[in-house]
file work_20.pdb (PDB, N, CA and C atoms)
ATOM      1  N   MET A   1     -21.785 -23.202 -38.110
ATOM      2  CA  MET A   1     -20.603 -23.841 -37.595
ATOM      3  C   MET A   1     -19.498 -22.801 -37.345
ATOM      4  N   ARG A   2     -19.373 -21.869 -38.261
ATOM      5  CA  ARG A   2     -18.353 -20.835 -38.123
ATOM      6  C   ARG A   2     -18.583 -20.010 -36.856
ATOM      7  N   LYS A   3     -19.822 -19.674 -36.556
ATOM      8  CA  LYS A   3     -20.147 -18.898 -35.351
ATOM      9  C   LYS A   3     -19.785 -19.682 -34.094
ATOM     10  N   THR A   4     -19.933 -20.983 -34.136
ATOM     11  CA  THR A   4     -19.594 -21.819 -32.992
ATOM     12  C   THR A   4     -18.099 -21.763 -32.707
ATOM     13  N   PHE A   5     -17.271 -21.856 -33.779
ATOM     14  CA  PHE A   5     -15.825 -21.789 -33.603
ATOM     15  C   PHE A   5     -15.383 -20.413 -33.105
ATOM     16  N   ILE A   6     -16.020 -19.373 -33.616
ATOM     17  CA  ILE A   6     -15.680 -18.021 -33.167
ATOM     18  C   ILE A   6     -16.034 -17.854 -31.688
ATOM     19  N   ALA A   7     -17.213 -18.307 -31.308
ATOM     20  CA  ALA A   7     -17.635 -18.216 -29.911
ATOM     21  C   ALA A   7     -16.720 -19.041 -29.019
ATOM     22  N   LEU A   8     -16.354 -20.245 -29.493
ATOM     23  CA  LEU A   8     -15.455 -21.105 -28.734
ATOM     24  C   LEU A   8     -14.081 -20.442 -28.593
ATOM     25  N   GLY A   9     -13.590 -19.828 -29.648
ATOM     26  CA  GLY A   9     -12.307 -19.125 -29.612
ATOM     27  C   GLY A   9     -12.329 -17.969 -28.623
ATOM     28  N   ILE A  10     -13.394 -17.199 -28.651
ATOM     29  CA  ILE A  10     -13.529 -16.082 -27.706
ATOM     30  C   ILE A  10     -13.593 -16.602 -26.279
ATOM     31  N   PHE A  11     -14.311 -17.686 -26.083
ATOM     32  CA  PHE A  11     -14.433 -18.272 -24.751
ATOM     33  C   PHE A  11     -13.072 -18.742 -24.237
ATOM     34  N   ILE A  12     -12.294 -19.398 -25.092
ATOM     35  CA  ILE A  12     -10.973 -19.903 -24.691
ATOM     36  C   ILE A  12     -10.035 -18.743 -24.374
ATOM     37  N   ILE A  13     -10.035 -17.718 -25.227
ATOM     38  CA  ILE A  13      -9.163 -16.562 -24.992
ATOM     39  C   ILE A  13      -9.551 -15.842 -23.708
ATOM     40  N   ALA A  14     -10.831 -15.646 -23.501
ATOM     41  CA  ALA A  14     -11.300 -14.933 -22.305
ATOM     42  C   ALA A  14     -10.945 -15.683 -21.033
ATOM     43  N   ASN A  15     -11.002 -16.985 -21.072
ATOM     44  CA  ASN A  15     -10.702 -17.773 -19.873
ATOM     45  C   ASN A  15      -9.224 -18.043 -19.686
ATOM     46  N   SER A  16      -8.423 -17.860 -20.722
ATOM     47  CA  SER A  16      -6.995 -18.111 -20.572
ATOM     48  C   SER A  16      -6.241 -16.886 -20.056
ATOM     49  N   THR A  17      -6.797 -15.702 -20.210
ATOM     50  CA  THR A  17      -6.136 -14.511 -19.684
ATOM     51  C   THR A  17      -6.458 -14.391 -18.204
ATOM     52  N   SER A  18      -5.437 -14.102 -17.430
ATOM     53  CA  SER A  18      -5.662 -13.995 -15.991
ATOM     54  C   SER A  18      -6.257 -12.634 -15.665
ATOM     55  N   LEU A  19      -7.207 -12.649 -14.826
ATOM     56  CA  LEU A  19      -7.823 -11.411 -14.362
ATOM     57  C   LEU A  19      -7.159 -11.005 -13.069
ATOM     58  N   HIS A  20      -6.690  -9.775 -13.028
ATOM     59  CA  HIS A  20      -6.089  -9.269 -11.799
ATOM     60  C   HIS A  20      -7.142  -8.461 -11.059
ATOM     61  N   ILE A  21      -7.586  -9.024  -9.967
ATOM     62  CA  ILE A  21      -8.562  -8.329  -9.131
ATOM     63  C   ILE A  21      -7.831  -7.880  -7.883
ATOM     64  N   PRO A  22      -7.613  -6.549  -7.755
ATOM     65  CA  PRO A  22      -6.866  -6.080  -6.590
ATOM     66  C   PRO A  22      -7.619  -6.361  -5.299
ATOM     67  N   THR A  23      -6.858  -6.735  -4.298
ATOM     68  CA  THR A  23      -7.453  -6.965  -2.992
ATOM     69  C   THR A  23      -7.055  -5.823  -2.072
ATOM     70  N   ASN A  24      -7.772  -5.671  -1.040
ATOM     71  CA  ASN A  24      -7.489  -4.606  -0.090
ATOM     72  C   ASN A  24      -6.332  -5.030   0.801
ATOM     73  N   ALA A  25      -5.137  -4.580   0.463
ATOM     74  CA  ALA A  25      -3.949  -4.954   1.222
ATOM     75  C   ALA A  25      -3.930  -4.329   2.606
ATOM     76  N   TYR A  26      -4.648  -3.246   2.784
ATOM     77  CA  TYR A  26      -4.643  -2.547   4.061
ATOM     78  C   TYR A  26      -5.376  -3.307   5.153
ATOM     79  N   SER A  27      -6.249  -4.205   4.784
ATOM     80  CA  SER A  27      -7.020  -4.910   5.798
ATOM     81  C   SER A  27      -6.152  -5.832   6.648
ATOM     82  N   HIS A  28      -4.975  -6.190   6.145
ATOM     83  CA  HIS A  28      -4.104  -7.088   6.886
ATOM     84  C   HIS A  28      -2.929  -6.374   7.533
ATOM     85  N   GLN A  29      -2.814  -5.070   7.334
ATOM     86  CA  GLN A  29      -1.707  -4.333   7.913
ATOM     87  C   GLN A  29      -2.087  -3.771   9.271
ATOM     88  N   GLU A  30      -1.077  -3.675  10.129
ATOM     89  CA  GLU A  30      -1.311  -3.082  11.439
ATOM     90  C   GLU A  30      -1.357  -1.570  11.324
ATOM     91  N   ILE A  31      -2.058  -0.956  12.250
ATOM     92  CA  ILE A  31      -2.105   0.501  12.308
ATOM     93  C   ILE A  31      -0.780   0.982  12.871
ATOM     94  N   PRO A  32      -0.142   1.977  12.223
ATOM     95  CA  PRO A  32       1.148   2.466  12.733
ATOM     96  C   PRO A  32       1.030   2.953  14.177
ATOM     97  N   ALA A  33       2.101   2.769  14.934
ATOM     98  CA  ALA A  33       2.110   3.128  16.359
ATOM     99  C   ALA A  33       1.877   4.615  16.576
ATOM    100  N   HIS A  34       2.335   5.448  15.649
ATOM    101  CA  HIS A  34       2.193   6.885  15.854
ATOM    102  C   HIS A  34       0.749   7.371  15.766
ATOM    103  N   VAL A  35      -0.148   6.564  15.219
ATOM    104  CA  VAL A  35      -1.553   6.977  15.098
ATOM    105  C   VAL A  35      -2.162   7.225  16.473
ATOM    106  N   LYS A  36      -1.862   6.351  17.425
ATOM    107  CA  LYS A  36      -2.355   6.511  18.800
ATOM    108  C   LYS A  36      -1.910   7.854  19.371
ATOM    109  N   TRP A  37      -0.643   8.195  19.163
ATOM    110  CA  TRP A  37      -0.097   9.438  19.701
ATOM    111  C   TRP A  37      -0.584  10.638  18.897
ATOM    112  N   GLY A  38      -0.851  10.441  17.624
ATOM    113  CA  GLY A  38      -1.407  11.511  16.796
ATOM    114  C   GLY A  38      -2.784  11.929  17.278
ATOM    115  N   LYS A  39      -3.576  10.959  17.685
ATOM    116  CA  LYS A  39      -4.900  11.279  18.234
ATOM    117  C   LYS A  39      -4.767  12.124  19.498
ATOM    118  N   LEU A  40      -3.800  11.756  20.339
ATOM    119  CA  LEU A  40      -3.573  12.524  21.559
ATOM    120  C   LEU A  40      -3.094  13.939  21.223
ATOM    121  N   ALA A  41      -2.245  14.069  20.213
ATOM    122  CA  ALA A  41      -1.774  15.393  19.782
ATOM    123  C   ALA A  41      -2.952  16.259  19.329
ATOM    124  N   LEU A  42      -3.885  15.673  18.593
ATOM    125  CA  LEU A  42      -5.070  16.411  18.137
ATOM    126  C   LEU A  42      -5.946  16.838  19.309
ATOM    127  N   ILE A  43      -6.108  15.952  20.281
ATOM    128  CA  ILE A  43      -6.922  16.270  21.461
ATOM    129  C   ILE A  43      -6.299  17.424  22.235
ATOM    130  N   GLU A  44      -4.976  17.371  22.425
ATOM    131  CA  GLU A  44      -4.286  18.436  23.161
ATOM    132  C   GLU A  44      -4.377  19.773  22.427
ATOM    133  N   ALA A  45      -4.219  19.742  21.102
ATOM    134  CA  ALA A  45      -4.317  20.977  20.318
ATOM    135  C   ALA A  45      -5.739  21.545  20.390
ATOM    136  N   ASN A  46      -6.735  20.679  20.309
ATOM    137  CA  ASN A  46      -8.128  21.134  20.428
ATOM    138  C   ASN A  46      -8.401  21.727  21.799
ATOM    139  N   SER A  47      -7.766  21.177  22.819
ATOM    140  CA  SER A  47      -7.948  21.675  24.174
ATOM    141  C   SER A  47      -7.343  23.068  24.334
ATOM    142  N   LYS A  48      -6.138  23.254  23.779
ATOM    143  CA  LYS A  48      -5.458  24.540  23.922
ATOM    144  C   LYS A  48      -6.019  25.600  22.976
ATOM    145  N   TYR A  49      -6.490  25.184  21.813
ATOM    146  CA  TYR A  49      -7.029  26.111  20.810
ATOM    147  C   TYR A  49      -8.449  25.678  20.432
ATOM    148  N   PRO A  50      -9.405  25.858  21.342
ATOM    149  CA  PRO A  50     -10.756  25.323  21.110
ATOM    150  C   PRO A  50     -11.498  25.986  19.941
ATOM    151  N   ASN A  51     -11.129  27.198  19.570
ATOM    152  CA  ASN A  51     -11.823  27.878  18.473
ATOM    153  C   ASN A  51     -11.139  27.687  17.125
ATOM    154  N   ALA A  52     -10.042  26.973  17.107
ATOM    155  CA  ALA A  52      -9.302  26.756  15.864
ATOM    156  C   ALA A  52      -9.678  25.416  15.239
ATOM    157  N   LYS A  53      -9.550  25.374  13.922
ATOM    158  CA  LYS A  53      -9.764  24.125  13.189
ATOM    159  C   LYS A  53      -8.402  23.594  12.762
ATOM    160  N   ILE A  54      -8.214  22.302  12.949
ATOM    161  CA  ILE A  54      -6.974  21.677  12.505
ATOM    162  C   ILE A  54      -7.156  21.340  11.026
ATOM    163  N   ILE A  55      -6.311  21.972  10.188
ATOM    164  CA  ILE A  55      -6.487  21.783   8.752
ATOM    165  C   ILE A  55      -5.395  20.913   8.123
ATOM    166  N   ASP A  56      -4.339  20.608   8.882
ATOM    167  CA  ASP A  56      -3.308  19.714   8.366
ATOM    168  C   ASP A  56      -2.575  19.057   9.535
ATOM    169  N   TYR A  57      -1.988  17.899   9.244
ATOM    170  CA  TYR A  57      -1.371  17.062  10.276
ATOM    171  C   TYR A  57      -0.158  16.381   9.662
ATOM    172  N   LEU A  58       0.965  16.406  10.361
ATOM    173  CA  LEU A  58       2.168  15.743   9.870
ATOM    174  C   LEU A  58       2.871  15.041  11.020
ATOM    175  N   HIS A  59       3.141  13.762  10.855
ATOM    176  CA  HIS A  59       3.956  13.033  11.826
ATOM    177  C   HIS A  59       5.399  13.259  11.429
ATOM    178  N   GLN A  60       6.174  13.879  12.301
ATOM    179  CA  GLN A  60       7.557  14.223  11.983
ATOM    180  C   GLN A  60       8.561  13.174  12.431
ATOM    181  N   GLY A  61       8.102  12.157  13.085
ATOM    182  CA  GLY A  61       8.996  11.078  13.462
ATOM    183  C   GLY A  61       8.983  10.759  14.939
ATOM    184  N   ARG A  62       9.828   9.806  15.257
ATOM    185  CA  ARG A  62       9.927   9.282  16.625
ATOM    186  C   ARG A  62      11.384   9.326  17.042
ATOM    187  N   GLU A  63      11.596   9.705  18.285
ATOM    188  CA  GLU A  63      12.946   9.769  18.837
ATOM    189  C   GLU A  63      12.968   8.937  20.111
ATOM    190  N   THR A  64      13.861   7.954  20.150
ATOM    191  CA  THR A  64      13.952   7.086  21.323
ATOM    192  C   THR A  64      15.275   7.329  22.024
ATOM    193  N   LYS A  65      15.193   7.526  23.331
ATOM    194  CA  LYS A  65      16.368   7.705  24.190
ATOM    195  C   LYS A  65      16.210   6.781  25.386
ATOM    196  N   LYS A  66      17.192   6.010  25.640
ATOM    197  CA  LYS A  66      17.231   5.106  26.785
ATOM    198  C   LYS A  66      15.852   4.519  27.105
ATOM    199  N   ASP A  67      15.127   5.083  28.087
ATOM    200  CA  ASP A  67      13.845   4.522  28.528
ATOM    201  C   ASP A  67      12.629   5.290  28.028
ATOM    202  N   THR A  68      12.856   6.373  27.284
ATOM    203  CA  THR A  68      11.727   7.189  26.838
ATOM    204  C   THR A  68      11.695   7.318  25.321
ATOM    205  N   THR A  69      10.512   7.604  24.825
ATOM    206  CA  THR A  69      10.291   7.834  23.410
ATOM    207  C   THR A  69       9.516   9.132  23.261
ATOM    208  N   THR A  70       9.827   9.895  22.224
ATOM    209  CA  THR A  70       9.103  11.126  21.927
ATOM    210  C   THR A  70       8.551  11.045  20.511
ATOM    211  N   GLU A  71       7.246  11.209  20.396
ATOM    212  CA  GLU A  71       6.600  11.292  19.085
ATOM    213  C   GLU A  71       6.458  12.772  18.761
ATOM    214  N   LYS A  72       6.779  13.141  17.500
ATOM    215  CA  LYS A  72       6.775  14.548  17.109
ATOM    216  C   LYS A  72       5.782  14.763  15.971
ATOM    217  N   PHE A  73       4.960  15.798  16.127
ATOM    218  CA  PHE A  73       3.936  16.126  15.144
ATOM    219  C   PHE A  73       3.953  17.624  14.846
ATOM    220  N   LYS A  74       3.506  17.977  13.665
ATOM    221  CA  LYS A  74       3.269  19.384  13.340
ATOM    222  C   LYS A  74       1.838  19.478  12.830
ATOM    223  N   LEU A  75       1.084  20.339  13.482
ATOM    224  CA  LEU A  75      -0.308  20.576  13.093
ATOM    225  C   LEU A  75      -0.404  21.970  12.505
ATOM    226  N   TRP A  76      -1.308  22.153  11.560
ATOM    227  CA  TRP A  76      -1.568  23.472  10.991
ATOM    228  C   TRP A  76      -2.999  23.825  11.347
ATOM    229  N   LEU A  77      -3.172  24.962  12.021
ATOM    230  CA  LEU A  77      -4.484  25.373  12.513
ATOM    231  C   LEU A  77      -4.932  26.668  11.859
ATOM    232  N   LYS A  78      -6.244  26.841  11.847
ATOM    233  CA  LYS A  78      -6.833  28.080  11.346
ATOM    234  C   LYS A  78      -7.855  28.558  12.366
ATOM    235  N   GLU A  79      -7.668  29.804  12.798
ATOM    236  CA  GLU A  79      -8.575  30.417  13.767
ATOM    237  C   GLU A  79      -8.958  31.785  13.209
ATOM    238  N   GLY A  80     -10.166  31.889  12.704
ATOM    239  CA  GLY A  80     -10.581  33.119  12.031
ATOM    240  C   GLY A  80      -9.772  33.296  10.762
ATOM    241  N   ASN A  81      -9.106  34.437  10.612
ATOM    242  CA  ASN A  81      -8.254  34.696   9.446
ATOM    243  C   ASN A  81      -6.802  34.291   9.680
ATOM    244  N   ARG A  82      -6.491  33.843  10.863
ATOM    245  CA  ARG A  82      -5.115  33.515  11.238
ATOM    246  C   ARG A  82      -4.828  32.034  11.036
ATOM    247  N   GLU A  83      -3.720  31.737  10.349
ATOM    248  CA  GLU A  83      -3.258  30.360  10.213
ATOM    249  C   GLU A  83      -1.894  30.250  10.875
ATOM    250  N   PHE A  84      -1.672  29.165  11.583
ATOM    251  CA  PHE A  84      -0.416  28.983  12.292
ATOM    252  C   PHE A  84      -0.154  27.507  12.529
ATOM    253  N   GLY A  85       1.114  27.201  12.779
ATOM    254  CA  GLY A  85       1.509  25.831  13.065
ATOM    255  C   GLY A  85       1.684  25.607  14.552
ATOM    256  N   VAL A  86       1.546  24.384  14.948
ATOM    257  CA  VAL A  86       1.777  23.991  16.336
ATOM    258  C   VAL A  86       2.583  22.692  16.323
ATOM    259  N   PHE A  87       3.767  22.763  16.919
ATOM    260  CA  PHE A  87       4.564  21.556  17.110
ATOM    261  C   PHE A  87       4.081  20.882  18.386
ATOM    262  N   VAL A  88       3.835  19.588  18.300
ATOM    263  CA  VAL A  88       3.414  18.818  19.475
ATOM    264  C   VAL A  88       4.439  17.719  19.700
ATOM    265  N   ARG A  89       4.950  17.653  20.913
ATOM    266  CA  ARG A  89       5.911  16.630  21.315
ATOM    267  C   ARG A  89       5.301  15.856  22.476
ATOM    268  N   ILE A  90       5.205  14.561  22.300
ATOM    269  CA  ILE A  90       4.647  13.702  23.343
ATOM    270  C   ILE A  90       5.745  12.745  23.792
ATOM    271  N   GLU A  91       6.162  12.898  25.034
ATOM    272  CA  GLU A  91       7.200  12.029  25.599
ATOM    273  C   GLU A  91       6.537  11.015  26.511
ATOM    274  N   PHE A  92       6.933   9.745  26.359
ATOM    275  CA  PHE A  92       6.354   8.675  27.175
ATOM    276  C   PHE A  92       7.410   7.619  27.442
ATOM    277  N   THR A  93       7.153   6.805  28.480
ATOM    278  CA  THR A  93       8.067   5.706  28.768
ATOM    279  C   THR A  93       7.878   4.647  27.685
ATOM    280  N   THR A  94       8.981   4.161  27.185
ATOM    281  CA  THR A  94       8.933   3.232  26.057
ATOM    282  C   THR A  94       8.209   1.936  26.415
ATOM    283  N   ASP A  95       8.474   1.398  27.579
ATOM    284  CA  ASP A  95       7.882   0.108  27.952
ATOM    285  C   ASP A  95       6.400   0.196  28.293
ATOM    286  N   SER A  96       6.047   1.106  29.185
ATOM    287  CA  SER A  96       4.666   1.172  29.670
ATOM    288  C   SER A  96       3.786   2.138  28.876
ATOM    289  N   GLU A  97       4.396   2.971  28.047
ATOM    290  CA  GLU A  97       3.702   4.006  27.271
ATOM    291  C   GLU A  97       2.970   5.010  28.162
ATOM    292  N   LYS A  98       3.474   5.206  29.366
ATOM    293  CA  LYS A  98       2.926   6.211  30.269
ATOM    294  C   LYS A  98       3.424   7.583  29.810
ATOM    295  N   VAL A  99       2.479   8.503  29.607
ATOM    296  CA  VAL A  99       2.830   9.841  29.132
ATOM    297  C   VAL A  99       3.556  10.598  30.238
ATOM    298  N   LEU A 100       4.713  11.123  29.884
ATOM    299  CA  LEU A 100       5.507  11.892  30.833
ATOM    300  C   LEU A 100       5.327  13.395  30.630
ATOM    301  N   LYS A 101       5.265  13.807  29.352
ATOM    302  CA  LYS A 101       5.212  15.240  29.076
ATOM    303  C   LYS A 101       4.624  15.458  27.686
ATOM    304  N   ILE A 102       3.794  16.509  27.586
ATOM    305  CA  ILE A 102       3.265  16.931  26.292
ATOM    306  C   ILE A 102       3.581  18.412  26.136
ATOM    307  N   GLU A 103       4.282  18.747  25.068
ATOM    308  CA  GLU A 103       4.647  20.142  24.804
ATOM    309  C   GLU A 103       3.989  20.594  23.514
ATOM    310  N   LEU A 104       3.430  21.813  23.546
ATOM    311  CA  LEU A 104       2.878  22.444  22.357
ATOM    312  C   LEU A 104       3.601  23.765  22.154
ATOM    313  N   GLN A 105       4.069  24.005  20.937
ATOM    314  CA  GLN A 105       4.790  25.222  20.637
ATOM    315  C   GLN A 105       4.290  25.774  19.308
ATOM    316  N   GLU A 106       3.828  27.030  19.335
ATOM    317  CA  GLU A 106       3.337  27.683  18.111
ATOM    318  C   GLU A 106       4.485  28.091  17.210
ATOM    319  N   THR A 107       4.205  28.099  15.916
ATOM    320  CA  THR A 107       5.149  28.562  14.920
ATOM    321  C   THR A 107       4.373  29.234  13.791
ATOM    322  N   SER A 108       5.024  30.182  13.135
ATOM    323  CA  SER A 108       4.364  30.855  12.020
ATOM    324  C   SER A 108       4.646  30.140  10.699
ATOM    325  N   LYS A 109       5.531  29.168  10.724
ATOM    326  CA  LYS A 109       5.895  28.434   9.511
ATOM    327  C   LYS A 109       5.453  27.008   9.567
TER     328      LYS A 109
END
call {"tool": "encode", "arguments": {"input": "work_20.pdb", "output": "structure tokens"}}
result
Amino acid sequence: MRKTFIALGIFIIANSTSLHIPTNAYSHQEIPAHVKWGKLALIEANSKYPNAKIIDYLHQGRETKKDTTTEKFKLWLKEGNREFGVFVRIEFTTDSEKVLKIELQETSK
């Protein structure tokens, strides 16, 4: 009889505590807008530096002016023993997202 009460007590305690099962919150979130432009920045960098490997990526923000928007990225590349940064600026029309200009500028920092 004592074992029955102990088992019943354990059963009640186990079922009364709430179990927190984390859910994947990311499955319901939208992909940030800069991801699309980041892919384009990577493609452009690969095109200009085909022998380099992109080893780091940073979205530096978005700048909106009147009818245009500029997405800004900094990539870190490695080509042989040389490591260097490349700033990528992608300017596009805000409404249609038509690319107007892509600038790549090397930096040592």
call {"tool": "closest_residue", "arguments": {"input": "work_20.pdb", "among": "A:Glu30, A:Val88, A:Lys39, A:Asn81", "to": "Glu106 in chain A", "atoms": "only C-alpha atoms"}}
result
A:Val88
call {"tool": "atom_distance", "arguments": {"input": "work_20.pdb", "atom1": "atom C of Lys109 in chain A", "atom2": "CA of Lys53 in chain A"}}
result
15.9 Å
call {"tool": "closest_residue", "arguments": {"input": "work_20.pdb", "among": "A:Glu97, A:Ile54, A:Asp67, A:Lys72", "to": "Phe84 in chain A", "atoms": "only C-alpha atoms"}}
result
A:Ile54
call {"tool": "closest_residue", "arguments": {"input": "work_20.pdb", "among": "A:Ile90, A:Glu83, A:Glu63, A:Asn51", "to": "Trp37 in chain A", "atoms": "all atoms listed in the file"}}
result
A:Ile90
call {"tool": "atom_distance", "arguments": {"input": "work_20.pdb", "atom1": "CA of Phe73 in chain A", "atom2": "CA of Asn46 in chain A"}}
result
14.1 Å
call {"tool": "residues_around", "arguments": {"input": "work_20.pdb", "residues": "Thr107 in chain A", "least_positions_apart": "3", "cutoff": "6 Å", "atoms": "all atoms listed in the file", "output": "list in words"}}
result
Phe84, Gly85, Val86 and Phe87 of chain A
call {"tool": "atom_distance", "arguments": {"input": "work_20.pdb", "atom1": "atom N of Tyr49 in chain A", "atom2": "atom N of Ala33 in chain A"}}
result
25.0 Å
call {"tool": "select_by_dssp", "arguments": {"input": "work_20.pdb", "residues": "range 9-108 of chain A", "states": "strand (DSSP E)", "output": "VMD selection string"}}
result
chain A and resid 53 to 65 68 to 79 82 to 93 99 to 107
call {"tool": "closest_residue", "arguments": {"input": "work_20.pdb", "among": "A:Thr93, A:Ile102, A:Ser47, A:Gly38", "to": "Thr68 in chain A", "atoms": "all atoms listed in the file"}}
result
A:Thr93
call {"tool": "resolve_selection", "arguments": {"input": "work_20.pdb", "expression": "the PyMOL selection byres (((chain A and resi 101 and name CA) around 12) and name CA)", "output": "NGL selection string"}}
result
:A and (40-41 or 44 or 68-71 or 88-93 or 97-100 or 102-104)
call {"tool": "write_last_selection", "arguments": {"input": "work_20.pdb", "atoms": "N, CA and C atoms", "output": "PDB file, in the frame of the given file"}}
result
ATOM      1  N   LEU A  40      -3.800  11.756  20.339  1.00  0.00           N
ATOM      2  CA  LEU A  40      -3.573  12.524  21.559  1.00  0.00           C
ATOM      3  C   LEU A  40      -3.094  13.939  21.223  1.00  0.00           C
ATOM      4  N   ALA A  41      -2.245  14.069  20.213  1.00  0.00           N
ATOM      5  CA  ALA A  41      -1.774  15.393  19.782  1.00  0.00           C
ATOM      6  C   ALA A  41      -2.952  16.259  19.329  1.00  0.00           C
ATOM      7  N   GLU A  44      -4.976  17.371  22.425  1.00  0.00           N
ATOM      8  CA  GLU A  44      -4.286  18.436  23.161  1.00  0.00           C
ATOM      9  C   GLU A  44      -4.377  19.773  22.427  1.00  0.00           C
ATOM     10  N   THR A  68      12.856   6.373  27.284  1.00  0.00           N
ATOM     11  CA  THR A  68      11.727   7.189  26.838  1.00  0.00           C
ATOM     12  C   THR A  68      11.695   7.318  25.321  1.00  0.00           C
ATOM     13  N   THR A  69      10.512   7.604  24.825  1.00  0.00           N
ATOM     14  CA  THR A  69      10.291   7.834  23.410  1.00  0.00           C
ATOM     15  C   THR A  69       9.516   9.132  23.261  1.00  0.00           C
ATOM     16  N   THR A  70       9.827   9.895  22.224  1.00  0.00           N
ATOM     17  CA  THR A  70       9.103  11.126  21.927  1.00  0.00           C
ATOM     18  C   THR A  70       8.551  11.045  20.511  1.00  0.00           C
ATOM     19  N   GLU A  71       7.246  11.209  20.396  1.00  0.00           N
ATOM     20  CA  GLU A  71       6.600  11.292  19.085  1.00  0.00           C
ATOM     21  C   GLU A  71       6.458  12.772  18.761  1.00  0.00           C
ATOM     22  N   VAL A  88       3.835  19.588  18.300  1.00  0.00           N
ATOM     23  CA  VAL A  88       3.414  18.818  19.475  1.00  0.00           C
ATOM     24  C   VAL A  88       4.439  17.719  19.700  1.00  0.00           C
ATOM     25  N   ARG A  89       4.950  17.653  20.913  1.00  0.00           N
ATOM     26  CA  ARG A  89       5.911  16.630  21.315  1.00  0.00           C
ATOM     27  C   ARG A  89       5.301  15.856  22.476  1.00  0.00           C
ATOM     28  N   ILE A  90       5.205  14.561  22.300  1.00  0.00           N
ATOM     29  CA  ILE A  90       4.647  13.702  23.343  1.00  0.00           C
ATOM     30  C   ILE A  90       5.745  12.745  23.792  1.00  0.00           C
ATOM     31  N   GLU A  91       6.162  12.898  25.034  1.00  0.00           N
ATOM     32  CA  GLU A  91       7.200  12.029  25.599  1.00  0.00           C
ATOM     33  C   GLU A  91       6.537  11.015  26.511  1.00  0.00           C
ATOM     34  N   PHE A  92       6.933   9.745  26.359  1.00  0.00           N
ATOM     35  CA  PHE A  92       6.354   8.675  27.175  1.00  0.00           C
ATOM     36  C   PHE A  92       7.410   7.619  27.442  1.00  0.00           C
ATOM     37  N   THR A  93       7.153   6.805  28.480  1.00  0.00           N
ATOM     38  CA  THR A  93       8.067   5.706  28.768  1.00  0.00           C
ATOM     39  C   THR A  93       7.878   4.647  27.685  1.00  0.00           C
ATOM     40  N   GLU A  97       4.396   2.971  28.047  1.00  0.00           N
ATOM     41  CA  GLU A  97       3.702   4.006  27.271  1.00  0.00           C
ATOM     42  C   GLU A  97       2.970   5.010  28.162  1.00  0.00           C
ATOM     43  N   LYS A  98       3.474   5.206  29.366  1.00  0.00           N
ATOM     44  CA  LYS A  98       2.926   6.211  30.269  1.00  0.00           C
ATOM     45  C   LYS A  98       3.424   7.583  29.810  1.00  0.00           C
ATOM     46  N   VAL A  99       2.479   8.503  29.607  1.00  0.00           N
ATOM     47  CA  VAL A  99       2.830   9.841  29.132  1.00  0.00           C
ATOM     48  C   VAL A  99       3.556  10.598  30.238  1.00  0.00           C
ATOM     49  N   LEU A 100       4.713  11.123  29.884  1.00  0.00           N
ATOM     50  CA  LEU A 100       5.507  11.892  30.833  1.00  0.00           C
ATOM     51  C   LEU A 100       5.327  13.395  30.630  1.00  0.00           C
ATOM     52  N   ILE A 102       3.794  16.509  27.586  1.00  0.00           N
ATOM     53  CA  ILE A 102       3.265  16.931  26.292  1.00  0.00           C
ATOM     54  C   ILE A 102       3.581  18.412  26.136  1.00  0.00           C
ATOM     55  N   GLU A 103       4.282  18.747  25.068  1.00  0.00           N
ATOM     56  CA  GLU A 103       4.647  20.142  24.804  1.00  0.00           C
ATOM     57  C   GLU A 103       3.989  20.594  23.514  1.00  0.00           C
ATOM     58  N   LEU A 104       3.430  21.813  23.546  1.00  0.00           N
ATOM     59  CA  LEU A 104       2.878  22.444  22.357  1.00  0.00           C
ATOM     60  C   LEU A 104       3.601  23.765  22.154  1.00  0.00           C
TER      61      LEU A 104
END
call {"tool": "closest_residue", "arguments": {"input": "work_20.pdb", "among": "A:Leu42, A:Ser96, A:Lys74, A:Lys36", "to": "Tyr57 in chain A", "atoms": "only N, CA and C atoms"}}
result
A:Lys74
call {"tool": "closest_residue", "arguments": {"input": "work_20.pdb", "among": "A:Leu58, A:Lys48, A:Gln105, A:His34", "to": "Trp76 in chain A", "atoms": "only C-alpha atoms"}}
result
A:Leu58
call {"tool": "decode", "arguments": {"input": "work_20.pdb", "residues": "range 58-65 of chain A", "atoms": "N, CA and C atoms", "output": "JSON list (two decimals), in the first residue's frame"}}
result
[["chain", "number", "residue", "atom", "x", "y", "z"],
["A", 58, "LEU", "N", 29.37, 41.13, -42.79],
["A", 58, "LEU", "CA", 28.69, 42.00, -41.84],
["A", 58, "LEU", "C", 27.74, 42.93, -42.59],
["A", 59, "HIS", "N", 26.49, 42.95, -42.17],
["A", 59, "HIS", "CA", 25.54, 43.92, -42.71],
["A", 59, "HIS", "C", 25.70, 45.18, -41.89],
["A", 60, "GLN", "N", 26.09, 46.27, -42.52],
["A", 60, "GLN", "CA", 26.36, 47.51, -41.81],
["A", 60, "GLN", "C", 25.16, 48.45, -41.75],
["A", 61, "GLY", "N", 24.09, 48.08, -42.38],
["A", 61, "GLY", "CA", 22.89, 48.89, -42.29],
["A", 61, "GLY", "C", 22.32, 49.30, -43.63],
["A", 62, "ARG", "N", 21.26, 50.06, -43.52],
["A", 62, "ARG", "CA", 20.50, 50.51, -44.69],
["A", 62, "ARG", "C", 20.34, 52.01, -44.60],
["A", 63, "GLU", "N", 20.48, 52.66, -45.74],
["A", 63, "GLU", "CA", 20.33, 54.11, -45.81],
["A", 63, "GLU", "C", 19.29, 54.42, -46.88],
["A", 64, "THR", "N", 18.24, 55.13, -46.49],
["A", 64, "THR", "CA", 17.18, 55.46, -47.44],
["A", 64, "THR", "C", 17.18, 56.96, -47.68],
["A", 65, "LYS", "N", 17.16, 57.33, -48.95],
["A", 65, "LYS", "CA", 17.08, 58.73, -49.38],
["A", 65, "LYS", "C", 15.99, 58.83, -50.43]]
